[in-house]
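In what follows, a single structure is set out as structure tokens and then discussed.
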Amino acid sequence: MQIQRIGMFQLFTMVVLFELGSAIVLGIGLDAKKDGWIALLVGTICGMGLFFFYTYSYHLSGERDSLLNMLQKAFNRPISRILAFLYYGYFLYIAARVTADFSFFINEVLLININVSAWVIKATILLLVAYICYLGIETIGRTSENLFFLMLSFILLVVILMFFQEQFDFNHLRPILENGWMPILHTVFPTIITFPFGESIVFLCFFQFLSSFSPFLKRGWLSILISGVLLIFAAILNVGVLTADLAQSFNFPFIKTIEHINFLNFIRHVELLAVLVFMIGGLIKILLFAYAGITGMSELFNLKSYKKIIIPLVSIIYLICVLFMKNYAVHIYIGLKIIPVYVALFFQIFIPVLFFMSLLIKKQMKQAKTKGS
């Protein structure tokens, strides 16, 4: 069976769309009030370092390895297989969470006057995800590459137009650091560092598909920089147009910000188009988490083809988001207050650090043994 490959730019676009994903519509950083853009700036810098740490760890373990093989090089077989199972389960669970995010998003913004059950929206999203997963990683790469320019162009257009709106007021962003650095640091750690930047841990499952990993090792962090800059602009616009307190009161503040666009009475009411464009990032994020979990479970249980378990695992994702993610307030509280502290830090920081240290120790022991002989 021929191994599917993706190019460096395709993976680059996947990272950017993934990072924007649900983060741009949920308006992260607003816990720091008018200094949310500073929190995102600090978070972006940390995110670039974290992503480079992931890429270098992958390089250290040996290229062309799956996440399971990487863990087996660092830990013994029982522990590595248990960790791999937990990671793949974590990816599937986050896929369910992002599906729920966009179900709430579509229901509140796009279908506000139409009575459509949440389970129908979630089923539609996941059927599309299952179909693209079945087509494979090359299709995901091409899809991401083609949609990247559409989403990037739209966001840049929104940013440019909003700066010319009368409603935008830089005074809403002043004074800077009014409450000092502590609210910013509390917003960055652990919330922003784990969502969205720490979630890039999932790309350890996708580096193996690159035609050549070395160029991405050197330049991959730029994808985090681009997505971080776009999130910073979104945060500035949210506060500059709505004020920090008002922005915090909305479930999806960036959409409320976009509703104020009125350029020469010609370009207006683009929020519905915004919903469709932002769904691109959401779809890519769900796709990548689902594909990583499905292919990982397939390898873990030695199945000949991951396609046999697409429907069963996507069905599990569906049941999770339908049965356990019904209330938006509870869903967001768990996603931004519980998951970052009690789940994300374990998978995104603690285990990767242990993995990295284990590989370094084994590498040094191997070098010392080689010199001794």
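In the structure tokens, the first chain shown is A, the next is B, and so on; residue numbers restart at 1 for each chain, and ligands run from 1 in the order shown.
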Dump as a tab-separated table the rows for residues of region 56-100 of chain A within 10 Å of region 104-127 of chain A: closest atom pair and distance in Å with one decimal, only C-alpha atoms counted, ordered by chain and rising residue number.
residue	atom	partner	partner_atom	distance
A:Ala95	CA	A:Leu126	CA	9.5
A:Ala96	CA	A:Lys122	CA	9.1
A:Val98	CA	A:Phe104	CA	9.9
A:Thr99	CA	A:Lys122	CA	6.4
A:Ala100	CA	A:Phe104	CA	6.2
Legend entry - In region 202-324 of chain A, DSSP strand (DSSP E or B) residues written as a ChimeraX atom specification: /A:210,262-263,267-268
Export N, CA and C atoms of the chosen residues as an mmCIF file, in the first residue's frame?
data_model
loop_
_atom_site.group_PDB
_atom_site.id
_atom_site.type_symbol
_atom_site.label_atom_id
_atom_site.label_comp_id
_atom_site.auth_asym_id
_atom_site.auth_seq_id
_atom_site.Cartn_x
_atom_site.Cartn_y
_atom_site.Cartn_z
ATOM 1 N N LEU A 210 4.961 14.068 6.167
ATOM 2 C CA LEU A 210 5.688 15.069 5.398
ATOM 3 C C LEU A 210 6.660 14.413 4.431
ATOM 4 N N ASN A 262 -19.554 48.520 8.097
ATOM 5 C CA ASN A 262 -20.389 49.254 7.139
ATOM 6 C C ASN A 262 -19.472 50.205 6.383
ATOM 7 N N PHE A 263 -18.954 49.727 5.270
ATOM 8 C CA PHE A 263 -17.986 50.498 4.502
ATOM 9 C C PHE A 263 -18.682 51.181 3.320
ATOM 10 N N ILE A 267 -20.300 47.647 1.700
ATOM 11 C CA ILE A 267 -19.917 46.377 2.323
ATOM 12 C C ILE A 267 -20.493 46.355 3.730
ATOM 13 N N ARG A 268 -21.518 45.536 3.940
ATOM 14 C CA ARG A 268 -22.163 45.448 5.238
ATOM 15 C C ARG A 268 -22.843 44.085 5.379
#
Inset, instruction - Using only C-alpha atoms, pick whichever of A:Lys308, A:His331, A:Arg142, A:Arg64 has the shortest atom-to-atom distance to Ile3 (chain A). - result: A:Arg64
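Proximity ranking of A:Leu276, A:Ile311, A:Val188, A:Ile82 relative to Ala130 (chain A) places A:Ile311 first, based on only C-alpha atoms.
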Inset, instruction - Identify, on the basis of only C-alpha atoms, every residue whose closest approach to Ser57 (chain A) does not exceed 12 Å; exclude the query and any residue fewer than 5 positions from it along the same chain; express the result as a VMD selection string. - result: chain A and resid 50 to 52 62 to 63 65 67 70 to 71 73 to 74 201 203 to 204 207 217 351 to 360
Legend entry - Long-range neighbours of Met162 (chain A) as a list in words, 7 Å cut-off, only C-alpha atoms, 4 positions minimum in chain: Val158, Phe168 and Ile261 of chain A
Write a file of the selected residues as a short mmCIF file (atom, residue, chain, number, x, y, z; two decimals), in the first residue's frame, keeping C-alpha atoms.
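Saved as out11.cif:
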data_model
loop_
_atom_site.label_atom_id
_atom_site.label_comp_id
_atom_site.auth_asym_id
_atom_site.auth_seq_id
_atom_site.Cartn_x
_atom_site.Cartn_y
_atom_site.Cartn_z
CA VAL A 158 -12.24 42.33 8.17
CA PHE A 168 -13.50 51.44 16.61
CA ILE A 261 -18.82 46.65 9.40
#
Using only C-alpha atoms, what does the table of region 181-211 of chain A residues within 12 Å of region 228-251 of chain A look like, with each row giving the shortest atom pair and its distance in Å to one decimal, sorted by chain and ascending number, as a tab-separated table?
residue	atom	partner	partner_atom	distance
A:Ile192	CA	A:Gly228	CA	10.6
A:Ile193	CA	A:Gly228	CA	11.3
A:Phe195	CA	A:Gly228	CA	11.6
A:Pro196	CA	A:Gly228	CA	9.5
A:Phe197	CA	A:Gly228	CA	8.8
Output all heavy atoms for every residue in the selection just made, as a tab-separated table (two decimals), in the first residue's frame.
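Result file is part_25.tsv:
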chain	number	residue	atom	x	y	z
A	192	ILE	N	-4.51	30.13	27.67
A	192	ILE	CA	-4.08	30.38	26.29
A	192	ILE	C	-2.97	29.42	25.86
A	192	ILE	O	-2.94	28.97	24.71
A	192	ILE	CB	-3.62	31.85	26.13
A	192	ILE	CG1	-4.83	32.78	26.26
A	192	ILE	CG2	-2.95	32.07	24.77
A	192	ILE	CD1	-4.50	34.26	26.14
A	193	ILE	N	-2.07	29.10	26.79
A	193	ILE	CA	-0.97	28.21	26.41
A	193	ILE	C	-1.47	26.82	26.05
A	193	ILE	O	-0.87	26.11	25.23
A	193	ILE	CB	0.08	28.13	27.56
A	193	ILE	CG1	1.39	27.54	27.05
A	193	ILE	CG2	-0.45	27.36	28.72
A	193	ILE	CD1	2.12	28.39	26.05
A	195	PHE	N	-4.90	26.29	25.13
A	195	PHE	CA	-5.92	26.47	24.09
A	195	PHE	C	-5.76	27.86	23.48
A	195	PHE	O	-5.97	28.86	24.15
A	195	PHE	CB	-7.32	26.34	24.68
A	195	PHE	CG	-8.42	26.77	23.72
A	195	PHE	CD1	-8.72	25.99	22.62
A	195	PHE	CD2	-9.11	27.95	23.91
A	195	PHE	CE1	-9.71	26.38	21.72
A	195	PHE	CE2	-10.10	28.35	23.03
A	195	PHE	CZ	-10.40	27.57	21.93
A	196	PRO	N	-5.29	27.96	22.22
A	196	PRO	CA	-5.18	26.85	21.27
A	196	PRO	C	-3.78	26.28	21.06
A	196	PRO	O	-3.62	25.28	20.39
A	196	PRO	CB	-5.62	27.53	19.96
A	196	PRO	CG	-5.06	28.92	20.09
A	196	PRO	CD	-5.16	29.27	21.56
A	197	PHE	N	-2.74	26.92	21.65
A	197	PHE	CA	-1.38	26.61	21.21
A	197	PHE	C	-0.92	25.22	21.62
A	197	PHE	O	-0.30	24.51	20.84
A	197	PHE	CB	-0.42	27.69	21.72
A	197	PHE	CG	-0.73	29.05	21.16
A	197	PHE	CD1	-1.18	30.08	21.97
A	197	PHE	CD2	-0.60	29.30	19.80
A	197	PHE	CE1	-1.48	31.33	21.46
A	197	PHE	CE2	-0.90	30.55	19.27
A	197	PHE	CZ	-1.35	31.56	20.10
Inset, instruction - Quote the spacing between CA of Phe216 (chain A) and CA of Phe18 (chain A) in Å to one decimal place. - result: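 Spanning CA of Phe216 (chain A) to CA of Phe18 (chain A) is a straight-line distance of 16.4 Å.
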Legend entry - Best match for closeness to Leu173 (chain A) among A:Pro340, A:Gly36, A:Gly21, A:Gly335, counting only C-alpha atoms: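 For Leu173 (chain A), the nearest of the candidates is A:Gly36.
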Inset, instruction - Could you tell me, as a ChimeraX atom specification, which residues of region 135-358 of chain A DSSP assigns to helix (DSSP H, G or I) when given the backbone? - result: /A:135,137-162,170-173,182-194,197-205,207-209,214-219,221-242,244-249,253-258,271-300,306-323,328-358
Inset, instruction - Would you mind reading off the distance between CA of Ile310 (chain A) and CA of Glu138 (chain A), one decimal, in Å? - result: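 These atoms are spaced 16.6 Å apart.
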With only C-alpha atoms counted and 8 Å as the cut-off, give the residues of region 188-281 of chain A in contact with region 288-306 of chain A, each with its shortest interatomic distance in Å and the pair that gives it, as a Markdown table.
| residue | atom | partner | partner_atom | distance |
| --- | --- | --- | --- | --- |
| A:Val202 | CA | A:Phe289 | CA | 6.8 |
| A:Cys205 | CA | A:Ala292 | CA | 5.9 |
| A:Phe206 | CA | A:Ala292 | CA | 7.7 |
